[in-house]
Structure formats: structure tokens, C-alpha cells
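Trainee: A single structure is presented below for examination.
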Amino acid sequence: MKKISVLGSTGSIGTQTMDIVRNKNDLKITALAAGSNIELLEQQIREFRPNLVCVFQEDKAVLLRENIRDLDTLVVTGMEGLIECATESEAETVVTAMVGMIGILPTIEGIKAGKNIALANKETLVTAGHIIMPLVKEKKVSLLPVDSEHSAIFQALNGEDKRYARQIILTASGGPFRGRELSELKNITPGDALKHPNWAMGQKITIDSATMINKGLEVMEAAWLFDINIDQIKVVIHPQSIIHSMVEYVDGSVLAQLGVPDMKLPIQYALFYPRRMEMPEGERVDFVKLKQLTFEEPDMNTFFGLKLGYEAGRIGGSMPTVYNAANEWAVARFLEGKIRFLDIPTLIGEAMSHHKLIQNPTLNEILNTEIETYDFVRGFDRAGLL
Ligand SMILES: NC(=O)C1=CN([C@@H]2O[C@H](COP(=O)(O)OP(=O)(O)OC[C@H]3O[C@@H](n4cnc5c(N)ncnc54)[C@H](OP(=O)(O)O)[C@@H]3O)[C@@H](O)[C@H]2O)C=CC1
Ligand SMILES: CC(=O)[C@@H](O)[C@H](O)COP(=O)(O)O
Ligand SMILES: [Mn+2]
């Protein structure tokens with residue numbers, strides 16, 4: 001029986017993780033964490049009976065404590081509470097499925113406590129990969145990707161000598177605006193951008209897919225996970241999202257992982273690796289029905305957020321934090337209807353140009369860079385410069 005803690009249990013990855021736990025006898029939940037959705041969290045607590053839960057928002061934690069006073073589950077709150085869930089004594093693996101840089105500290109503390117990590121929260125690795133990857137080695141824990149592309153790359157590298165990998169081919173759906181010109185993206189609404197062609201996901205990552213900033217983040221995530229140079233990672237548009245990514249080797253051989261677009265497979269693979277578990281109710285790839293798989297070059301002029309992602313990754317240091325923090329701020333404002341779609345990559349570019357690079361930032365410097373970037377983009381917006 002594997003015991004797991006799920007941070008972000010009420011979200012898209014979190015609820016799919018709970019579906020897997022529900023269908024398998026060999027997983028037990030020991031801790032759960034969420035931001036504020038105590039209604040769903042209470043249902044999860046009553047079903048899975050964890051020892052510990054965290055609700056980040058303090059007033060909601062007070063309410064939840066009251067609502068589950070008939071149970072033994074302990075309710076904690078805030079960043080301390082998230083860290084308690086990440087380090088819960090019985091948990092062997094922590095599923096990091098929170099959205100955003102809030103995941104950095106709990107992930108680091110989980111690793112320090114000897115927990116294996118099933119990583120969905122890509123923002124953590126993008127901003128603090130230089131701290132997390134050496135720590136994973138030092139603590140001899142595993143960090144397995146949940147992100148579909150990175151799970152595919154992991155599978156395509158499995159059993160191979162990585163020195164023979166010539167490049168990683170990271171596939172991208174292209175999002176709902178694939179093929180559009182820059183001028184056609186001016187009046188995009190949140191409703192338009194939330195219609196991903198293939199994947200049902202949380203709002204933030206769905207907007208990131210529409211701007212292709214998700215792919216910029218994923219290029220940096222892959223560089224950390226597979227210890228490979230940014231320029232050995234090539235993004236290719238594959239609108240069907242059936243090939244989840246590929247590795248090309250020096251002899252010209254290309255290994256790919258394919259599957260229907262369903263996150264249950266990479267989540268389950270990360271939880272049970274190296275075992276492959278039955279996915280009984282899962283849909284299968286039917287090549288005859290599919291008929292064709294197609295590929296295109298990404299349009300980095302229209303989707304200039306992706307170009308900025310490569311730039312941030314090449315520069316390194318604190319620049320990926322600026323890229324990520326400006327994006328987190330801008331996506332939240334776009335969803336509130338406060339800024340326009342193209343303001344998202346514009347703000348990232350402005351924040352990157354303004355930033356004074358820190359080469360090898362400490363954790364505090366990363367968190368300060370996040371705050372400074374928020375201040376900068378907020379000020380840029382307030383000054384009417386957008
Ligand atoms: N969805 C997907 O298919 C994929 C997602 N990812 C990555 O996985 C991560 C999660 O994405 P997704 O599941 O879509 O996101 P969702 O928005 O659906 O879920 C986010 C989760 O994080 C929780 N959360 C937010 N803020 C806090 C906080 N301060 N403290 C504790 N918990 C918090 C939310 O709780 P609450 O509900 O209470 O607000 C919710 O449980 C992201 O990094 C994303 O990029 C990667 C690949 C695919
Ligand atoms: C499911 C998953 O891993 C997402 O990151 C997905 O890849 C988003 O699709 P895009 O390829 O459109 O960014
Ligand atoms: Mn992905």
C-alpha cells in the first residue's frame with residue numbers, strides 16, 4: 001500500500017488523482033491540501049479519511065474544522081500547513097498539484113523530509129529547478145513528472161543512455177488560436193481562451209496553453225528534469241495531442257509515447273512507476289479512426305510568449321522566475337477581465353527587460369524576485385502603459 005499526500009486535491013490534477021486512488025486498492029491518502037474549496041475538500045475527507053488536511057485560506061480552515069468536528073482529521077492552514085502536509089510522517093509520495101509558485105516551499109520541504117515527488121506543479125521547477133534538482137539527488141528521493149509531455153519524455157528515455165539523445169521534441173497542441181495572426185488575437189475574451197481543443201484542465205494552465213506560454217514553461221521544466229540544454233528542446237505543433245512528446249537519438253531513431261489526451265495515465269504512471277497498472281475504463285488510441293497525425297512549426301511571432309520562454313530559459317538565474325511571476329499575475333488579471341489577451345506576453349517581455357539578473361538565486365531571492373515582478377507589472381499596468 002503506497003501512502004500519498006496530495007497538494008491541490010480539489011483541482012483538475014488533484015481530482016483525477018483522487019479518481020485513481022478510488023479505483024486502486026494499493027493507494028492510501030494521508031494528507032490533502034487546497035486553497036479555499038472546503039466543500040469539495042470535505043467530501044474528499046469523508047471519502048478518503050486523511051490524517052491531515054490544509055486549507056490555505058485561514059477563515060475557510062476555521063469553517064472546515066467546525067464542519068468536520070465529528071472526524072479525527074486535523075485541519076491546518078497557511079504555508080506552515082502546506083508544509084505539514086508535504087512532510088506528513090506516513091506519506092511516501094507527495095503529489096504536487098497546486099497551481100503556481102506557491103508550490104516551491106512545500107516541495108522543497110517534502111524533499112528534505114525524504115518524500116518522493118510526483119510533480120505536476122511545473123512553476124516550481126521553472127523557478128527553483130537549480131535548488132530542487134540537486135536536493136532530489138542529495139536526499140536520494142525520486143521526482144517523477146506528471147506533466148504529460150514530460151511523462152512521455154521520461155518514458156522515451158527509459159532504459160536508454162541519455163548521452164545519445166540528440167534532441168527532445170516537445171509537442172504542443174497549439175491551443176484554441178492555432179493558425180491565427182497576431183491581429184486576430186487582440187479581442188480574445190477569457191471565454192474564448194478557456195476552450196482548449198483537447199484537454200480539460202484548470203483555468204490558469206488553459207490560458208497558458210492559449211498563449212503557448214505553457215510550452216515556454218515546459219521547455220524550462222524539461223531542461224531541469226532531463227538535464228538537457230534549452231536549445232536541444234524543440235517545440236513542434238501536433239494538433240491532435242496523441243503523441244505526447246519524443247526523443248530523437250544521435251542515430252536518427254525517434255522514440256515517442258502516445259496515448260489519448262487523458263491526464264490519468266501520466267498521474268498513474270508517476271504514482272506506480274515502474275509498475276504499469278491496468279486502466280480499465282480508459283479510452284484507447286484507435287489509429288484507424290484517427291487516420292492522421294499532423295505537425296507544424298510553432299509561430300513564435302504570433303505566440304511571442306513562447307519565444308520569451310526560450311529567452312528566459314537561455315538566460316537562466318532569476319529570469320525564469322520573472323517570466324513565470326509576470327505570467328501568473330497577468331493571467332489572473334486577464335481572467336478577471338482587467339487586461340487583454342496580448343497584454344499577457346507583453347507584460348512578461350517588459351518585466352524581463354526591466355529585471356536585473358541574479359545568476360544563481362537563493363530561495364529568498366526567488367521569492368523576492370516574484371514580489372518585485374508583481375510590483376513591476378502592477379505598476380506598469382496602473383501607469384496605463386499597456
Ligand atoms: N490540469 C492539467 O491537466 C495539468 C496541470 N498541470 C499543472 O498542474 C498544476 C495544477 O493544475 P490544475 O490542476 O489544472 O489547476 P487547478 O486550478 O484545477 O487546481 C489548482 C489546485 O491548487 C489549489 N491551490 C491554489 N492555491 C492554493 C494555495 N495557496 N494553497 C493550497 N492550494 C492551493 C486549488 O485549491 P482550491 O480549489 O481550493 O482553489 C486546487 O486544488 C499546475 O501547475 C499546472 O500547470 C500540468 C499538466 C496538466
Ligand atoms: C495535459 C498537459 O500536459 C498540458 O500541459 C497540455 O500539454 C496543454 O496543452 P498545450 O500543448 O496546448 O499546451
Ligand atoms: Mn503539459
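Following the order of the C-alpha cells, first chain is A, next is B, and so on, with residues numbered from 1 inside each chain and ligands from 1 in the order they appear.
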Sorted by chain and rising residue number, which residues of chain A lie within 9 Å of ligand 2, and what are their closest atom pairs and distances in Å to one decimal, counting only C-alpha atoms and all ligand atoms, as JSON lines?

Mentor:
{"residue": "A:Ala120", "atom": "CA", "partner": "ligand 2", "partner_atom_place_in_ligand_line": "3 (O)", "distance": 8.6}
{"residue": "A:Val146", "atom": "CA", "partner": "ligand 2", "partner_atom_place_in_ligand_line": "3 (O)", "distance": 7.7}
{"residue": "A:Asp147", "atom": "CA", "partner": "ligand 2", "partner_atom_place_in_ligand_line": "3 (O)", "distance": 4.4}
{"residue": "A:Ser148", "atom": "CA", "partner": "ligand 2", "partner_atom_place_in_ligand_line": "3 (O)", "distance": 3.9}
{"residue": "A:Glu149", "atom": "CA", "partner": "ligand 2", "partner_atom_place_in_ligand_line": "3 (O)", "distance": 5.7}
{"residue": "A:His150", "atom": "CA", "partner": "ligand 2", "partner_atom_place_in_ligand_line": "3 (O)", "distance": 7.9}
{"residue": "A:Ser151", "atom": "CA", "partner": "ligand 2", "partner_atom_place_in_ligand_line": "3 (O)", "distance": 8.7}
{"residue": "A:Leu170", "atom": "CA", "partner": "ligand 2", "partner_atom_place_in_ligand_line": "11 (O)", "distance": 8.7}
{"residue": "A:Thr171", "atom": "CA", "partner": "ligand 2", "partner_atom_place_in_ligand_line": "11 (O)", "distance": 6.3}
{"residue": "A:Ala172", "atom": "CA", "partner": "ligand 2", "partner_atom_place_in_ligand_line": "11 (O)", "distance": 3.4}
{"residue": "A:Ser173", "atom": "CA", "partner": "ligand 2", "partner_atom_place_in_ligand_line": "11 (O)", "distance": 4.0}
{"residue": "A:Gly174", "atom": "CA", "partner": "ligand 2", "partner_atom_place_in_ligand_line": "12 (O)", "distance": 5.1}
{"residue": "A:Gly175", "atom": "CA", "partner": "ligand 2", "partner_atom_place_in_ligand_line": "12 (O)", "distance": 4.4}
{"residue": "A:Pro176", "atom": "CA", "partner": "ligand 2", "partner_atom_place_in_ligand_line": "12 (O)", "distance": 7.9}
{"residue": "A:His196", "atom": "CA", "partner": "ligand 2", "partner_atom_place_in_ligand_line": "12 (O)", "distance": 7.0}
{"residue": "A:Pro197", "atom": "CA", "partner": "ligand 2", "partner_atom_place_in_ligand_line": "12 (O)", "distance": 7.8}
{"residue": "A:Asn198", "atom": "CA", "partner": "ligand 2", "partner_atom_place_in_ligand_line": "9 (O)", "distance": 7.5}
{"residue": "A:Trp199", "atom": "CA", "partner": "ligand 2", "partner_atom_place_in_ligand_line": "1 (C)", "distance": 6.0}
{"residue": "A:Ala200", "atom": "CA", "partner": "ligand 2", "partner_atom_place_in_ligand_line": "1 (C)", "distance": 8.0}
{"residue": "A:Met201", "atom": "CA", "partner": "ligand 2", "partner_atom_place_in_ligand_line": "1 (C)", "distance": 7.3}
{"residue": "A:Ile205", "atom": "CA", "partner": "ligand 2", "partner_atom_place_in_ligand_line": "5 (O)", "distance": 6.9}
{"residue": "A:Thr206", "atom": "CA", "partner": "ligand 2", "partner_atom_place_in_ligand_line": "8 (C)", "distance": 7.0}
{"residue": "A:Asp208", "atom": "CA", "partner": "ligand 2", "partner_atom_place_in_ligand_line": "13 (O)", "distance": 6.9}
{"residue": "A:Ser209", "atom": "CA", "partner": "ligand 2", "partner_atom_place_in_ligand_line": "13 (O)", "distance": 3.9}
{"residue": "A:Ala210", "atom": "CA", "partner": "ligand 2", "partner_atom_place_in_ligand_line": "12 (O)", "distance": 6.7}
{"residue": "A:Thr211", "atom": "CA", "partner": "ligand 2", "partner_atom_place_in_ligand_line": "13 (O)", "distance": 8.6}
{"residue": "A:Met212", "atom": "CA", "partner": "ligand 2", "partner_atom_place_in_ligand_line": "13 (O)", "distance": 6.0}
{"residue": "A:Ile213", "atom": "CA", "partner": "ligand 2", "partner_atom_place_in_ligand_line": "13 (O)", "distance": 7.7}
{"residue": "A:Asn214", "atom": "CA", "partner": "ligand 2", "partner_atom_place_in_ligand_line": "13 (O)", "distance": 5.1}
{"residue": "A:Lys215", "atom": "CA", "partner": "ligand 2", "partner_atom_place_in_ligand_line": "13 (O)", "distance": 5.5}
{"residue": "A:Glu218", "atom": "CA", "partner": "ligand 2", "partner_atom_place_in_ligand_line": "5 (O)", "distance": 7.6}
{"residue": "A:Ile237", "atom": "CA", "partner": "ligand 2", "partner_atom_place_in_ligand_line": "11 (O)", "distance": 7.8}
{"residue": "A:His238", "atom": "CA", "partner": "ligand 2", "partner_atom_place_in_ligand_line": "11 (O)", "distance": 8.0}
{"residue": "A:Pro239", "atom": "CA", "partner": "ligand 2", "partner_atom_place_in_ligand_line": "11 (O)", "distance": 8.1}
{"residue": "A:Ser241", "atom": "CA", "partner": "ligand 2", "partner_atom_place_in_ligand_line": "11 (O)", "distance": 7.0}
{"residue": "A:His244", "atom": "CA", "partner": "ligand 2", "partner_atom_place_in_ligand_line": "7 (O)", "distance": 7.7}
{"residue": "A:Pro261", "atom": "CA", "partner": "ligand 2", "partner_atom_place_in_ligand_line": "1 (C)", "distance": 7.0}
{"residue": "A:Asp262", "atom": "CA", "partner": "ligand 2", "partner_atom_place_in_ligand_line": "1 (C)", "distance": 7.3}
{"residue": "A:Met263", "atom": "CA", "partner": "ligand 2", "partner_atom_place_in_ligand_line": "1 (C)", "distance": 6.1}
{"residue": "A:Pro266", "atom": "CA", "partner": "ligand 2", "partner_atom_place_in_ligand_line": "3 (O)", "distance": 8.8}

Trainee: So which residues touch Thr15 (chain A) within 12 Å, counting only C-alpha atoms, skipping near sequence neighbours fewer than 3 positions away, as a count of residues only?

Mentor: 27

Trainee: Between A:Glu184, A:Asp343, A:Asp227, A:Glu123, which one has atoms that come closest to ligand 3, using only C-alpha atoms and all ligand atoms?

Mentor: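 For ligand 3, the nearest of the given residues is A:Glu123.
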
Trainee: In Å, how far is it from atom 42 (C, counted along the ligand's line) of ligand 1 to CA of Arg382 (chain A)?

Mentor: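 Going from atom 42 (C, counted along the ligand's line) of ligand 1 over to CA of Arg382 (chain A) covers 27.8 Å.
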
Trainee: Could you go through region 210-259 of chain A and tell me which residues DSSP, when run on the backbone, assigns to helix (DSSP H, G or I), listing them as JSON, numbers by chain?

Mentor: {"A": [210, 211, 213, 214, 215, 216, 217, 218, 219, 220, 221, 222, 223, 224, 225, 226, 230, 231, 232]}

Trainee: When you draw a straight line from atom 33 (C, counted along the ligand's line) of ligand 1 to CA of Gly103 (chain A), how long is it in Å?

Mentor: 8.3 Å

Trainee: Tell me which protein, DNA and RNA residues are within 10 Å of Tyr374 (chain A), counting only C-alpha atoms, leaving out same-chain ones fewer than 5 positions away, and put them as a ChimeraX atom specification.

Mentor: /A:322,325-330,351,368-369,379-380

Trainee: Please, what distance in Å, to one decimal, runs between CA of Gly216 (chain A) and CA of Leu306 (chain A)?

Mentor: 4.7 Å

Trainee: With distances taken over only C-alpha atoms, which of A:Val254, A:Phe287, A:Thr96, A:Val219 is nearest to Ile242 (chain A)?

Mentor: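 That would be A:Phe287, the residue with the smallest distance to Ile242 (chain A).
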
Trainee: For region 67-83 of chain A, work out the shell of residues within 6 Å, counting only C-alpha atoms and skipping chain neighbours fewer than 3 positions away, then give it as a PyMOL selection string.

Mentor: chain A and resi 51-56+58+64+86+106

Trainee: Determine the nearest neighbour of Glu248 (chain A) from the options A:Ala61, A:Ile102, A:Ile108, A:Ile233, counting only C-alpha atoms.

Mentor: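 Closest to Glu248 (chain A) of all the choices is A:Ile233.
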
Trainee: Using only C-alpha atoms and all ligand atoms, which of the listed residues (A:Glu221, A:Glu372, A:Glu281, A:Glu350) sits closest to ligand 1?

Mentor: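 Looking at the shortest contact to ligand 1, the residue is A:Glu221.
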
Trainee: Compare A:Met133, A:Leu143, A:Cys85, A:Ala152 by their minimum atom-to-atom distance to ligand 3, counting only C-alpha atoms and all ligand atoms, and give me the closest one.

Mentor: A:Ala152

Trainee: What lies within 12 Å of Pro134 (chain A) using only C-alpha atoms, ignoring chain neighbours under 4 positions off, as a PyMOL selection string?

Mentor: chain A and resi 108+111-112+125+128-130+138-143+224-225+227

Trainee: I need the chosen residues saved as a short mmCIF file (atom, residue, chain, number, x, y, z; two decimals), in the first residue's frame, with C-alpha atoms.

Mentor:
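Below you can see selection32.cif, which holds the result:
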data_model
loop_
_atom_site.label_atom_id
_atom_site.label_comp_id
_atom_site.auth_asym_id
_atom_site.auth_seq_id
_atom_site.Cartn_x
_atom_site.Cartn_y
_atom_site.Cartn_z
CA ILE A 108 11.43 21.66 -1.06
CA ILE A 111 12.08 16.52 -0.45
CA LYS A 112 14.07 17.46 2.66
CA LEU A 125 10.71 23.61 -11.25
CA ALA A 128 13.62 26.82 -8.45
CA GLY A 129 14.95 23.92 -10.57
CA HIS A 130 18.55 24.76 -9.63
CA GLU A 138 21.20 14.69 -2.19
CA LYS A 139 18.13 13.26 -0.44
CA LYS A 140 18.01 10.24 -2.81
CA VAL A 141 14.31 10.67 -3.47
CA SER A 142 12.59 10.37 -6.84
CA LEU A 143 10.94 13.23 -8.66
CA TRP A 224 15.66 20.73 -15.45
CA LEU A 225 14.06 17.30 -15.39
CA ASP A 227 19.42 17.89 -17.53
#

Trainee: Between A:Gln57, A:Asn116, A:Asn229, A:Ser89, which is the closest to Leu271 (chain A) once you count only C-alpha atoms?

Mentor: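 Under the stated criterion, the closest residue is A:Asn116.
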
Trainee: To test your reading of the structure, identify every residue in region 18-145 of chain A that backbone DSSP assigns to strand (DSSP E), and report it as a PyMOL selection string.

Mentor: chain A and resi 27-34+52-55+74-77+93-96+116-119+143-145

Trainee: Give me the residues within 8 Å of Lys234 (chain A) as number ranges by chain, counting only C-alpha atoms and dropping any in the same chain fewer than 5 places off.

Mentor: A: 167-170

Trainee: What does the file look like for those residues with N, CA and C atoms, as a compact mmCIF listing (two decimals), in the first residue's frame?

Mentor:
# COMPACT_ATOMS: atom_id res chain seq x y z
N GLN A 167 18.01 15.37 -29.39
CA GLN A 167 17.08 16.44 -29.01
C GLN A 167 15.77 15.87 -28.48
N ILE A 168 15.12 16.73 -27.70
CA ILE A 168 13.77 16.41 -27.23
C ILE A 168 12.79 17.14 -28.14
N ILE A 169 11.78 16.44 -28.59
CA ILE A 169 10.75 17.09 -29.41
C ILE A 169 9.49 17.16 -28.54
N LEU A 170 9.23 18.39 -28.10
CA LEU A 170 8.13 18.65 -27.15
C LEU A 170 6.90 19.02 -27.98
